[in-house]
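S.K.: My structure file model.txt, compact mmCIF, C-alpha atoms (C1' of nucleotides), is below:
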```txt
# COMPACT_ATOMS: atom_id res chain seq x y z
CA MET A 18 -12.40 78.70 -46.65
CA THR A 19 -11.22 77.03 -49.85
CA LYS A 20 -7.54 76.74 -49.16
CA GLY A 21 -8.04 76.64 -45.43
CA SER A 22 -10.51 73.78 -45.49
CA LEU A 23 -8.33 71.85 -47.92
CA ARG A 24 -5.41 72.13 -45.57
CA GLU A 25 -7.58 71.11 -42.72
CA LYS A 26 -8.74 68.12 -44.69
CA VAL A 27 -5.19 67.00 -45.38
CA LEU A 28 -4.43 67.51 -41.72
CA ARG A 29 -7.40 65.39 -40.70
CA VAL A 30 -6.34 62.61 -43.02
CA ARG A 31 -2.85 62.61 -41.58
CA GLU A 32 -4.09 62.65 -38.03
CA ASN A 33 -6.41 59.81 -38.86
CA ALA A 34 -3.47 57.82 -40.16
CA ILE A 35 -1.63 58.53 -36.93
CA VAL A 36 -4.57 57.35 -34.86
CA ASP A 37 -4.74 54.19 -36.97
CA VAL A 38 -1.18 53.34 -36.03
CA VAL A 39 -1.67 54.22 -32.38
CA ASN A 40 -4.80 52.10 -32.28
CA ARG A 41 -3.01 49.09 -33.69
CA LEU A 42 -0.01 49.46 -31.41
CA LEU A 43 -2.22 49.89 -28.35
CA ALA A 44 -3.97 46.66 -29.32
CA GLU A 45 -0.68 44.86 -29.95
CA LYS A 46 1.43 45.86 -26.99
CA GLY A 47 -0.45 48.25 -24.74
CA PHE A 48 0.36 51.78 -23.68
CA GLU A 49 3.67 51.33 -21.87
CA GLN A 50 5.31 49.06 -24.42
CA MET A 51 4.27 51.33 -27.28
CA THR A 52 6.98 53.93 -27.94
CA VAL A 53 6.54 57.25 -29.67
CA ASP A 54 9.53 56.39 -31.87
CA GLU A 55 7.70 53.35 -33.17
CA ILE A 56 4.53 55.31 -33.83
CA ALA A 57 6.48 57.87 -35.85
CA ALA A 58 8.34 55.18 -37.78
CA ASP A 59 5.14 53.33 -38.64
CA VAL A 60 3.36 56.48 -39.73
CA GLY A 61 6.43 57.45 -41.73
CA ILE A 62 7.08 60.87 -40.24
CA ALA A 63 9.56 62.28 -37.74
CA LYS A 64 8.84 62.05 -34.07
CA ALA A 65 8.92 65.82 -33.65
CA SER A 66 6.14 66.11 -36.22
CA LEU A 67 3.92 63.93 -34.13
CA TYR A 68 4.19 66.42 -31.30
CA LYS A 69 2.87 69.16 -33.59
CA HIS A 70 -0.36 67.17 -33.82
CA PHE A 71 -0.64 65.73 -30.32
CA ALA A 72 0.74 67.24 -27.15
CA SER A 73 1.86 64.02 -25.52
CA LYS A 74 1.90 60.27 -25.68
CA GLU A 75 -1.14 60.26 -23.43
CA ALA A 76 -2.99 62.54 -25.86
CA LEU A 77 -2.21 60.08 -28.67
CA ALA A 78 -3.72 57.24 -26.67
CA ALA A 79 -6.72 59.34 -25.72
CA ALA A 80 -7.36 60.08 -29.40
CA ALA A 81 -7.42 56.37 -30.18
CA ILE A 82 -9.80 55.68 -27.32
CA GLU A 83 -11.99 58.57 -28.37
CA ARG A 84 -12.35 57.14 -31.86
CA LEU A 85 -13.12 53.72 -30.44
CA LEU A 86 -15.88 55.20 -28.30
CA GLU A 87 -17.27 57.12 -31.26
CA ARG A 88 -17.51 53.93 -33.28
CA ALA A 89 -19.00 51.95 -30.43
CA LEU A 90 -21.57 54.65 -29.91
CA GLU A 91 -22.42 54.61 -33.59
CA VAL A 92 -22.96 50.86 -33.53
CA ALA A 93 -25.00 51.15 -30.35
CA ARG A 94 -27.23 53.87 -31.79
CA GLN A 95 -27.92 51.79 -34.87
CA LEU A 96 -28.90 48.89 -32.67
CA ASP A 97 -31.09 51.19 -30.64
CA GLU A 98 -33.16 51.90 -33.75
CA ARG A 99 -33.96 48.25 -34.29
CA ALA A 100 -37.32 47.98 -32.58
CA ASP A 101 -37.53 44.32 -33.60
CA VAL A 102 -34.48 43.27 -31.57
CA PRO A 103 -35.03 42.65 -27.85
CA ALA A 104 -32.79 44.36 -25.31
CA LEU A 105 -30.77 41.22 -24.67
CA GLY A 106 -30.18 40.84 -28.39
CA ARG A 107 -28.79 44.36 -28.58
CA LEU A 108 -26.41 43.67 -25.72
CA ARG A 109 -25.27 40.45 -27.38
CA ALA A 110 -24.76 42.20 -30.70
CA LEU A 111 -22.63 44.94 -29.18
CA VAL A 112 -20.48 42.43 -27.33
CA ARG A 113 -20.06 40.47 -30.56
CA TRP A 114 -18.89 43.64 -32.25
CA GLY A 115 -16.32 44.24 -29.52
CA VAL A 116 -14.96 40.70 -29.46
CA LYS A 117 -14.63 40.71 -33.24
CA LEU A 118 -12.72 43.95 -33.02
CA GLN A 119 -10.40 42.42 -30.47
CA LEU A 120 -9.77 39.34 -32.58
CA ALA A 121 -9.00 41.62 -35.51
CA GLY A 122 -6.26 43.24 -33.41
CA GLU A 123 -8.03 46.59 -33.36
CA MET A 124 -9.10 46.87 -29.76
CA PRO A 125 -6.83 49.41 -28.08
CA VAL A 126 -6.22 48.84 -24.42
CA LEU A 127 -5.22 51.34 -21.75
CA PRO A 128 -3.77 50.79 -18.30
CA LEU A 129 -6.26 52.82 -16.30
CA HIS A 130 -4.26 52.44 -13.09
CA HIS A 131 -1.43 54.38 -14.73
CA PRO A 132 -1.75 57.85 -13.17
CA SER A 133 -0.82 59.98 -16.18
CA VAL A 134 -3.07 57.94 -18.47
CA ARG A 135 -5.99 58.28 -16.08
CA ALA A 136 -5.43 62.01 -15.75
CA GLU A 137 -5.36 62.53 -19.50
CA PHE A 138 -8.37 60.31 -20.00
CA VAL A 139 -10.66 62.04 -17.54
CA GLY A 140 -9.23 65.41 -18.56
CA ALA A 141 -10.14 64.73 -22.18
CA ARG A 142 -13.72 65.97 -22.19
CA PRO A 143 -14.76 64.16 -25.38
CA CYS A 144 -13.72 60.78 -24.00
CA ALA A 145 -15.57 61.17 -20.73
CA GLU A 146 -18.63 62.51 -22.53
CA LEU A 147 -18.69 59.67 -25.04
CA LEU A 148 -18.28 57.07 -22.34
CA THR A 149 -21.18 58.57 -20.42
CA GLN A 150 -23.40 58.50 -23.50
CA LEU A 151 -22.51 54.90 -24.25
CA SER A 152 -23.08 53.85 -20.66
CA ASP A 153 -26.44 55.58 -20.58
CA LEU A 154 -27.54 53.73 -23.68
CA LEU A 155 -26.31 50.38 -22.39
CA GLY A 156 -27.83 51.08 -18.99
CA ALA A 157 -31.24 51.55 -20.57
CA TRP A 158 -30.89 48.26 -22.46
CA ILE A 159 -29.89 46.44 -19.30
CA LEU A 160 -32.85 47.78 -17.33
CA ARG A 161 -35.12 46.77 -20.16
CA ALA A 162 -33.61 43.29 -20.34
CA GLN A 163 -34.12 42.89 -16.61
CA ALA A 164 -37.73 44.03 -16.91
CA ASP A 165 -38.19 41.47 -19.70
CA GLY A 166 -36.77 38.76 -17.45
CA GLU A 167 -33.80 38.22 -19.76
CA VAL A 168 -31.15 39.41 -17.33
CA ASP A 169 -31.06 38.44 -13.67
CA ARG A 170 -33.04 41.07 -11.77
CA SER A 171 -30.95 40.72 -8.64
CA PHE A 172 -27.85 42.08 -10.39
CA PRO A 173 -27.13 45.77 -9.87
CA LEU A 174 -26.71 47.77 -13.04
CA GLU A 175 -23.01 48.38 -12.47
CA LEU A 176 -22.24 44.66 -12.16
CA VAL A 177 -23.75 44.01 -15.58
CA LEU A 178 -22.21 47.10 -17.16
CA TYR A 179 -18.70 46.41 -15.86
CA THR A 180 -18.95 42.76 -16.87
CA LEU A 181 -19.87 43.75 -20.41
CA TYR A 182 -17.09 46.33 -20.69
CA ALA A 183 -14.54 43.93 -19.23
CA ARG A 184 -15.07 41.50 -22.10
CA ALA A 185 -13.60 44.10 -24.45
CA ALA A 186 -10.19 43.56 -22.84
CA ASP A 187 -10.66 39.93 -21.91
CA PRO A 188 -7.64 37.78 -22.71
CA VAL A 189 -9.69 34.67 -23.44
CA PRO A 190 -10.53 35.36 -27.11
CA GLY A 191 -6.91 36.08 -27.88
CA LEU A 192 -5.72 32.96 -26.09
CA LEU A 193 -8.20 30.76 -27.92
CA LYS A 194 -7.20 32.28 -31.22
CA THR A 195 -3.51 31.80 -30.45
CA ALA A 196 -4.17 28.20 -29.50
CA GLY A 197 -5.14 27.85 -33.14
CA GLN A 198 -7.65 25.18 -34.08
CA HIS A 199 -10.71 27.46 -33.88
CA ASP A 200 -11.93 30.09 -36.31
CA ASP A 201 -12.89 33.59 -35.19
CA ALA A 202 -16.64 33.12 -35.53
CA GLN A 203 -16.55 30.10 -33.25
CA VAL A 204 -14.50 31.96 -30.66
CA VAL A 205 -16.91 34.89 -30.71
CA GLU A 206 -19.90 32.64 -30.14
CA TRP A 207 -18.23 30.82 -27.27
CA VAL A 208 -17.28 34.03 -25.54
CA VAL A 209 -20.76 35.47 -25.96
CA GLN A 210 -22.35 32.28 -24.70
CA THR A 211 -20.16 32.02 -21.61
CA LEU A 212 -20.84 35.67 -20.90
CA PHE A 213 -24.61 35.46 -21.03
CA ALA A 214 -25.27 31.84 -20.14
CA GLY A 215 -22.15 30.98 -18.15
CA LEU A 216 -20.08 27.83 -18.18
CA GLY A 217 -22.92 25.69 -16.88
CA ALA A 218 -24.84 23.25 -19.03
CA ARG A 219 -27.86 24.81 -20.68
CA PRO A 220 -31.21 23.30 -19.75
CA SER A 221 -32.01 20.85 -22.55
CA MET B 1 24.81 21.88 8.50
CA THR B 2 24.23 23.82 11.68
CA LYS B 3 25.68 27.17 10.77
CA GLY B 4 24.97 26.67 7.10
CA SER B 5 21.33 25.84 7.59
CA LEU B 6 20.89 28.75 9.96
CA ARG B 7 22.24 31.15 7.39
CA GLU B 8 20.08 29.59 4.77
CA LYS B 9 17.07 30.00 7.00
CA VAL B 10 17.76 33.69 7.52
CA LEU B 11 18.23 34.03 3.81
CA ARG B 12 14.93 32.31 3.12
CA VAL B 13 13.13 34.59 5.53
CA ARG B 14 14.58 37.66 3.85
CA GLU B 15 13.74 36.41 0.40
CA ASN B 16 10.25 35.65 1.55
CA ALA B 17 9.90 39.22 2.77
CA ILE B 18 11.09 40.44 -0.62
CA VAL B 19 8.55 38.28 -2.42
CA ASP B 20 5.83 39.61 -0.12
CA VAL B 21 6.59 43.14 -1.23
CA VAL B 22 6.85 42.19 -4.90
CA ASN B 23 3.56 40.34 -4.68
CA ARG B 24 1.80 43.34 -3.20
CA LEU B 25 3.26 45.77 -5.69
CA LEU B 26 2.42 43.50 -8.62
CA ALA B 27 -1.16 43.42 -7.36
CA GLU B 28 -1.27 47.17 -6.81
CA LYS B 29 0.33 48.53 -9.95
CA GLY B 30 1.42 45.72 -12.23
CA PHE B 31 4.84 44.82 -13.55
CA GLU B 32 5.76 47.91 -15.54
CA GLN B 33 4.69 50.46 -12.96
CA MET B 34 6.47 48.61 -10.21
CA THR B 35 10.03 49.91 -9.84
CA VAL B 36 12.97 48.08 -8.32
CA ASP B 37 13.73 51.19 -6.26
CA GLU B 38 10.32 50.97 -4.66
CA ILE B 39 10.72 47.28 -3.92
CA ALA B 40 14.04 47.93 -2.21
CA ALA B 41 12.64 50.86 -0.24
CA ASP B 42 9.62 48.87 0.95
CA VAL B 43 11.74 45.89 1.96
CA GLY B 44 14.14 48.27 3.69
CA ILE B 45 17.37 47.23 1.95
CA ALA B 46 19.52 48.73 -0.78
CA LYS B 47 18.70 48.08 -4.39
CA ALA B 48 22.05 46.42 -5.01
CA SER B 49 21.27 43.92 -2.27
CA LEU B 50 18.15 42.85 -4.11
CA TYR B 51 20.27 41.87 -7.06
CA LYS B 52 22.29 39.52 -4.85
CA HIS B 53 19.09 37.55 -4.33
CA PHE B 54 17.42 37.88 -7.70
CA ALA B 55 19.12 38.35 -11.05
CA SER B 56 16.60 40.76 -12.55
CA LYS B 57 13.26 42.48 -12.16
CA GLU B 58 11.72 39.68 -14.19
CA ALA B 59 13.14 37.10 -11.80
CA LEU B 60 11.55 38.97 -8.91
CA ALA B 61 8.19 38.82 -10.62
CA ALA B 62 8.63 35.17 -11.49
CA ALA B 63 9.30 34.38 -7.84
CA ALA B 64 6.03 36.02 -6.84
CA ILE B 65 4.13 34.10 -9.49
CA GLU B 66 5.82 30.88 -8.46
CA ARG B 67 4.66 31.33 -4.88
CA LEU B 68 1.15 32.13 -6.06
CA LEU B 69 1.08 28.93 -8.10
CA GLU B 70 2.39 26.92 -5.15
CA ARG B 71 -0.42 28.22 -2.97
CA ALA B 72 -3.06 27.69 -5.64
CA LEU B 73 -1.85 24.14 -6.13
CA GLU B 74 -2.01 23.53 -2.41
CA VAL B 75 -5.60 24.75 -2.25
CA ALA B 76 -6.47 22.68 -5.31
CA ARG B 77 -4.95 19.51 -3.87
CA GLN B 78 -6.91 19.95 -0.66
CA LEU B 79 -10.09 20.32 -2.68
CA ASP B 80 -9.15 17.25 -4.67
CA GLU B 81 -9.25 15.19 -1.46
CA ARG B 82 -12.82 16.14 -0.72
CA ALA B 83 -14.70 13.21 -2.23
CA ASP B 84 -18.00 14.72 -1.05
CA VAL B 85 -17.69 17.83 -3.20
CA PRO B 86 -18.73 17.50 -6.85
CA ALA B 87 -16.36 18.63 -9.60
CA LEU B 88 -18.28 21.83 -10.22
CA GLY B 89 -18.14 22.65 -6.53
CA ARG B 90 -14.36 22.31 -6.57
CA LEU B 91 -14.09 24.65 -9.52
CA ARG B 92 -16.32 27.18 -7.82
CA ALA B 93 -14.33 26.95 -4.61
CA LEU B 94 -11.03 27.56 -6.35
CA VAL B 95 -12.42 30.56 -8.22
CA ARG B 96 -13.77 31.93 -4.95
CA TRP B 97 -10.32 31.59 -3.45
CA GLY B 98 -8.81 33.52 -6.36
CA VAL B 99 -11.34 36.32 -6.35
CA LYS B 100 -10.96 36.76 -2.60
CA LEU B 101 -7.22 36.96 -3.05
CA GLN B 102 -7.71 39.64 -5.67
CA LEU B 103 -10.03 41.66 -3.47
CA ALA B 104 -7.47 41.42 -0.67
CA GLY B 105 -4.93 43.05 -2.99
CA GLU B 106 -2.73 39.96 -3.08
CA MET B 107 -3.21 38.73 -6.62
CA PRO B 108 -0.05 39.58 -8.58
CA VAL B 109 -0.60 40.24 -12.23
CA LEU B 110 1.86 39.92 -15.11
CA PRO B 111 1.73 41.34 -18.63
CA LEU B 112 2.28 38.14 -20.56
CA HIS B 113 2.58 39.97 -23.87
CA HIS B 114 5.69 41.68 -22.52
CA PRO B 115 8.52 39.77 -24.23
CA SER B 116 11.08 39.76 -21.42
CA VAL B 117 8.44 38.77 -18.88
CA ARG B 118 7.27 35.90 -21.06
CA ALA B 119 10.81 34.73 -21.63
CA GLU B 120 11.61 34.71 -17.92
CA PHE B 121 8.33 33.02 -17.09
CA VAL B 122 8.67 30.10 -19.48
CA GLY B 123 12.38 29.92 -18.75
CA ALA B 124 11.67 29.55 -15.05
CA ARG B 125 11.19 25.79 -14.87
CA PRO B 126 9.37 25.81 -11.51
CA CYS B 127 6.71 28.20 -12.80
CA ALA B 128 6.02 26.22 -15.94
CA GLU B 129 5.98 22.96 -14.02
CA LEU B 130 3.59 24.29 -11.36
CA LEU B 131 1.27 25.73 -13.97
CA THR B 132 1.18 22.39 -15.76
CA GLN B 133 0.34 20.55 -12.56
CA LEU B 134 -2.43 23.00 -11.71
CA SER B 135 -3.85 22.83 -15.20
CA ASP B 136 -3.82 19.04 -15.15
CA LEU B 137 -5.75 19.01 -11.92
CA LEU B 138 -8.26 21.57 -13.13
CA GLY B 139 -8.55 19.78 -16.45
CA ALA B 140 -9.57 16.59 -14.71
CA TRP B 141 -12.22 18.45 -12.71
CA ILE B 142 -13.58 20.05 -15.84
CA LEU B 143 -13.86 16.76 -17.69
CA ARG B 144 -15.58 15.29 -14.70
CA ALA B 145 -17.99 18.22 -14.46
CA GLN B 146 -18.83 17.81 -18.13
CA ALA B 147 -19.43 14.10 -17.67
CA ASP B 148 -21.73 14.95 -14.77
CA GLY B 149 -23.64 17.38 -16.96
CA GLU B 150 -22.63 20.34 -14.82
CA VAL B 151 -20.54 22.08 -17.45
CA ASP B 152 -21.57 22.48 -21.07
CA ARG B 153 -20.25 19.44 -22.95
CA SER B 154 -19.82 21.37 -26.20
CA PHE B 155 -17.10 23.56 -24.67
CA PRO B 156 -13.53 22.49 -25.37
CA LEU B 157 -11.35 22.08 -22.32
CA GLU B 158 -9.18 25.06 -23.13
CA LEU B 159 -12.15 27.42 -23.33
CA VAL B 160 -13.22 26.51 -19.81
CA LEU B 161 -9.66 26.53 -18.46
CA TYR B 162 -8.77 29.93 -19.92
CA THR B 163 -12.06 31.39 -18.76
CA LEU B 164 -11.39 30.25 -15.22
CA TYR B 165 -7.83 31.56 -15.20
CA ALA B 166 -8.90 34.87 -16.70
CA ARG B 167 -11.13 35.59 -13.71
CA ALA B 168 -8.02 35.79 -11.56
CA ALA B 169 -7.05 39.01 -13.34
CA ASP B 170 -10.57 40.21 -14.12
CA PRO B 171 -11.04 43.93 -13.40
CA VAL B 172 -14.70 43.54 -12.45
CA PRO B 173 -14.24 42.62 -8.76
CA GLY B 174 -11.90 45.54 -8.23
CA LEU B 175 -14.25 47.95 -9.96
CA LEU B 176 -17.22 46.81 -7.92
CA LYS B 177 -15.21 47.12 -4.74
CA THR B 178 -14.01 50.61 -5.72
CA ALA B 179 -17.57 51.63 -6.49
CA GLY B 180 -18.08 51.03 -2.78
CA GLN B 181 -21.56 50.07 -1.63
CA HIS B 182 -20.95 46.29 -1.73
CA ASP B 183 -19.02 44.10 0.67
CA ASP B 184 -16.42 41.62 -0.49
CA ALA B 185 -18.51 38.51 0.09
CA GLN B 186 -21.29 39.89 -2.10
CA VAL B 187 -18.85 40.76 -4.87
CA VAL B 188 -17.34 37.28 -4.77
CA GLU B 189 -20.73 35.64 -5.09
CA TRP B 190 -21.76 37.84 -8.00
CA VAL B 191 -18.58 37.16 -9.89
CA VAL B 192 -18.83 33.42 -9.32
CA GLN B 193 -22.46 33.41 -10.37
CA THR B 194 -21.89 35.38 -13.57
CA LEU B 195 -18.99 33.08 -14.37
CA PHE B 196 -20.88 29.82 -14.00
CA ALA B 197 -24.46 30.85 -14.73
CA GLY B 198 -23.94 33.95 -16.88
CA LEU B 199 -25.80 37.22 -16.83
CA GLY B 200 -29.04 35.62 -17.89
CA ALA B 201 -31.95 35.10 -15.53
CA ARG B 202 -31.84 31.78 -13.74
CA PRO B 203 -34.78 29.45 -14.43
CA SER B 204 -37.13 29.97 -11.50
C1' DG C 10 4.95 71.54 -40.47
C1' DT C 11 8.74 68.81 -41.38
C1' DC C 12 13.17 67.43 -40.32
C1' DT C 13 17.89 66.27 -37.43
C1' DA C 14 19.91 66.41 -33.26
C1' DT C 15 19.83 66.54 -28.48
C1' DA C 16 18.32 67.68 -23.85
C1' DG C 17 16.53 65.74 -19.64
C1' DC C 18 14.93 62.13 -17.08
C1' DC C 19 14.14 57.81 -15.18
C1' DA C 20 14.77 53.06 -14.14
C1' DG C 21 17.42 48.72 -14.39
C1' DA C 22 21.73 47.04 -13.41
C1' DT C 23 26.68 47.16 -11.55
C1' DA C 24 31.37 48.54 -9.28
C1' DG C 25 33.83 48.45 -5.45
C1' DA C 26 34.53 49.53 -0.55
C1' DC C 27 33.42 47.41 3.82
C1' DG D 2 25.79 40.32 1.59
C1' DT D 3 25.16 44.98 2.50
C1' DC D 4 25.96 49.50 1.40
C1' DT D 5 26.79 54.20 -1.58
C1' DA D 6 27.66 55.90 -5.81
C1' DT D 7 27.57 55.42 -10.54
C1' DC D 8 26.90 53.70 -15.16
C1' DT D 9 23.97 52.73 -19.11
C1' DG D 10 20.27 52.61 -22.21
C1' DG D 11 16.00 53.96 -23.70
C1' DC D 12 12.26 56.92 -23.68
C1' DT D 13 9.53 61.38 -23.79
C1' DA D 14 9.84 65.77 -25.21
C1' DT D 15 11.93 69.93 -27.40
C1' DA D 16 15.26 73.28 -29.87
C1' DG D 17 16.31 75.17 -33.93
C1' DA D 18 17.33 75.02 -38.95
C1' DC D 19 14.72 74.82 -43.22
```
What does this structure look like when you write it as structure tokens?

M.R.:
Amino acid sequence: MTKGSLREKVLRVRENAIVDVVNRLLAEKGFEQMTVDEIAADVGIAKASLYKHFASKEALAAAAIERLLERALEVARQLDERADVPALGRLRALVRWGVKLQLAGEMPVLPLHHPSVRAEFVGARPCAELLTQLSDLLGAWILRAQADGEVDRSFPLELVLYTLYARAADPVPGLLKTAGQHDDAQVVEWVVQTLFAGLGARPS
Amino acid sequence: MTKGSLREKVLRVRENAIVDVVNRLLAEKGFEQMTVDEIAADVGIAKASLYKHFASKEALAAAAIERLLERALEVARQLDERADVPALGRLRALVRWGVKLQLAGEMPVLPLHHPSVRAEFVGARPCAELLTQLSDLLGAWILRAQADGEVDRSFPLELVLYTLYARAADPVPGLLKTAGQHDDAQVVEWVVQTLFAGLGARPS
DNA sequence: GTCTATAGCCAGATAGAC
DNA sequence: GTCTATCTGGCTATAGAC
């Protein structure tokens, strides 16, 4: 166990470094524009070595998404403990976390219409499982927020859930940041406000 | 002029058919997944013939976007004539038009982070010009809606403009449609409502 | 497990006859 | 302007030495 676990630890560290690079490149240029050559160059190892760790480019992307889901789930579970925060507040907090991640250039994005990506993603048990867990948690919050009268009761659960998820890949934060002029915190608040309260004027 | 204009007319019809196919494929699978071979096959001509009409794959995509912008501008100008409709109503109507187009599978989508696509798009004078005209028109509506107290006055113009544009490529309508269960009209109304009034419960 | 070198493939673009 | 046939480059993936 001594030597074996040490080797495994080194291996984990290396694979984590790989996933870091993949995550960043997925955020920067997306799956198709990201090349395996570039991943290898950025990590600082040969391309063939990458394939000793991950079976395919799709597996690399799936690993990045899996880690994202793990982190999101961790954040969500911490929020779930906070009995003092209302359901709507938890939803807002999680969206804030996601938008901040996106502005930091760390939100990987996948083209889910791409057949091979889809296949790998649903084939990767951990990813599907994590997504289910996260959705279950969020679904409970949404139902609670509707019961509390904080979210429109006429909206079906899936409409709210999809709308929340979609903000993670929304181009608006990035565009506003690129336009300059505004700092990240301001952008986050605007996006959260338009998401929950819409573009309309708030009742004064 | 007789023979020349006839030939030109035939040419226009053929190019229009090409753009139809490109538009549909861009809506279906996006720029990268769309192949020139498939375009040629769907149009029913040889690939080399395509390149007699358009210089590159990017030019094909730009042509589809240009036609989309022409149509959007036409719809916007018609709405602009309607003195009886308030500014917010015009904005809602244009968004409805866009979401319907998307649900019909006719909203082409471009990856604007893709360098060569960006270059072609900004290099294509007509596209840039049309986008500017559309944005000017929408900008005027937005300012008017803010003056009328229908849109939050604290929002900068670009936030509102980007948010409106982003709905044209939003995945939510497609996801809701795929989930089945709901008809298009219902999906359109939900998306428009969440855009302008947010997820929050409306004051009763 | 890491490397260099290369196979195999696919898609964008072109040559040249008609 | 249309076609068939081909070129070219870039990308994923692997072979094989160490």

S.K.: Around the point (30.5, 46.2, -7.5), in the coordinates given by the file, pick out the residues reaching within 12 Å, counting all atoms listed in the file, and return them as a compact mmCIF listing (two decimals) with C-alpha atoms (C1' of nucleotides), in the frame of the given file.

M.R.:
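Saved file part.txt follows:
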```txt
# COMPACT_ATOMS: atom_id res chain seq x y z
CA ALA B 48 22.05 46.42 -5.01
CA SER B 49 21.27 43.92 -2.27
CA TYR B 51 20.27 41.87 -7.06
CA LYS B 52 22.29 39.52 -4.85
C1' DA C 22 21.73 47.04 -13.41
C1' DT C 23 26.68 47.16 -11.55
C1' DA C 24 31.37 48.54 -9.28
C1' DG C 25 33.83 48.45 -5.45
C1' DA C 26 34.53 49.53 -0.55
C1' DC C 27 33.42 47.41 3.82
C1' DG D 2 25.79 40.32 1.59
C1' DT D 3 25.16 44.98 2.50
C1' DC D 4 25.96 49.50 1.40
C1' DT D 5 26.79 54.20 -1.58
C1' DA D 6 27.66 55.90 -5.81
C1' DT D 7 27.57 55.42 -10.54
C1' DC D 8 26.90 53.70 -15.16
```

S.K.: Given a cut-off of 12 Å, which residues of chain C touch chain A, counting only C-alpha atoms (C1' of nucleotides), written out as a count of residues only?

M.R.: 5

S.K.: Can you work out the spacing between atom CA of B:Gln78 and atom CA of B:Val192 in Å, to one decimal?

M.R.: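 These two atoms are separated by 20.0 Å.
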
S.K.: Can you pull out the residues contacting A:Pro143? Cut-off 12 Å, using only C-alpha atoms (C1' of nucleotides), and skip same-chain residues under 3 positions away; I want them as a list in words.

M.R.: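 What passes the distance filter is Ala76, Ala79, Ala80, Ala81, Ile82, Glu83, Arg84, Leu85, Leu86, Glu87, Glu137, Phe138, Val139, Gly140, Glu146, Leu147, Leu148, Thr149 and Gln150 of chain A.
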
S.K.: Within 12 Å of C:DC18, counting only C-alpha atoms (C1' of nucleotides), which residues show up once you throw out same-chain ones fewer than 3 positions away? Write them as a PyMOL selection string, please.

M.R.: chain D and resi 11-14

S.K.: Could you save those same residues with C-alpha atoms (C1' of nucleotides) as a PDB file, in the frame of the given file?

M.R.:
```pdb
ATOM      1  C1'  DG D  11      16.000  53.960 -23.700  1.00  0.00           C
ATOM      2  C1'  DC D  12      12.260  56.920 -23.680  1.00  0.00           C
ATOM      3  C1'  DT D  13       9.530  61.380 -23.790  1.00  0.00           C
ATOM      4  C1'  DA D  14       9.840  65.770 -25.210  1.00  0.00           C
TER       5       DA D  14
END
```

S.K.: Of the candidates B:Glu74, B:Asp42, B:Asp20, B:Glu28, which one gets nearest to chain A if we count all atoms listed in the file?

M.R.: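 Smallest distance to chain A is found for B:Glu28.
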
S.K.: Kindly give the distance, in Å, that separates atom CA of A:Ala196 and atom CA of A:Gly47, rounded to a single decimal.

M.R.: 20.9 Å

S.K.: Quick check, in Å to one decimal: how far apart do atom CA of A:Leu154 and atom CA of A:Gln203 lie?

M.R.: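 So the answer is 27.8 Å.
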
S.K.: Considering all atoms listed in the file, return as a PyMOL selection string whatever protein or nucleic-acid residues lie within 10 Å of C:DG21, sequence-local ones (same chain, fewer than 4 positions apart) excluded.

M.R.: (chain B and resi 35-37+56-57) or (chain D and resi 9-10)

S.K.: Using all atoms listed in the file, list the residues that have an atom at most 12 Å from (-1.0, 54.3, -35.9), coordinates as in the file, as a CSV table (one decimal) with C-alpha atoms, in the frame of the given file.

M.R.:
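Wrote it out as result.csv, contents follow:
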```csv
chain,number,residue,atom,x,y,z
A,31,ARG,CA,-2.8,62.6,-41.6
A,32,GLU,CA,-4.1,62.6,-38.0
A,33,ASN,CA,-6.4,59.8,-38.9
A,34,ALA,CA,-3.5,57.8,-40.2
A,35,ILE,CA,-1.6,58.5,-36.9
A,36,VAL,CA,-4.6,57.4,-34.9
A,37,ASP,CA,-4.7,54.2,-37.0
A,38,VAL,CA,-1.2,53.3,-36.0
A,39,VAL,CA,-1.7,54.2,-32.4
A,40,ASN,CA,-4.8,52.1,-32.3
A,41,ARG,CA,-3.0,49.1,-33.7
A,42,LEU,CA,0.0,49.5,-31.4
A,43,LEU,CA,-2.2,49.9,-28.4
A,44,ALA,CA,-4.0,46.7,-29.3
A,45,GLU,CA,-0.7,44.9,-30.0
A,51,MET,CA,4.3,51.3,-27.3
A,52,THR,CA,7.0,53.9,-27.9
A,53,VAL,CA,6.5,57.2,-29.7
A,54,ASP,CA,9.5,56.4,-31.9
A,55,GLU,CA,7.7,53.4,-33.2
A,56,ILE,CA,4.5,55.3,-33.8
A,57,ALA,CA,6.5,57.9,-35.8
A,58,ALA,CA,8.3,55.2,-37.8
A,59,ASP,CA,5.1,53.3,-38.6
A,60,VAL,CA,3.4,56.5,-39.7
A,61,GLY,CA,6.4,57.4,-41.7
A,62,ILE,CA,7.1,60.9,-40.2
A,67,LEU,CA,3.9,63.9,-34.1
A,77,LEU,CA,-2.2,60.1,-28.7
A,78,ALA,CA,-3.7,57.2,-26.7
A,80,ALA,CA,-7.4,60.1,-29.4
A,81,ALA,CA,-7.4,56.4,-30.2
A,123,GLU,CA,-8.0,46.6,-33.4
A,125,PRO,CA,-6.8,49.4,-28.1
```
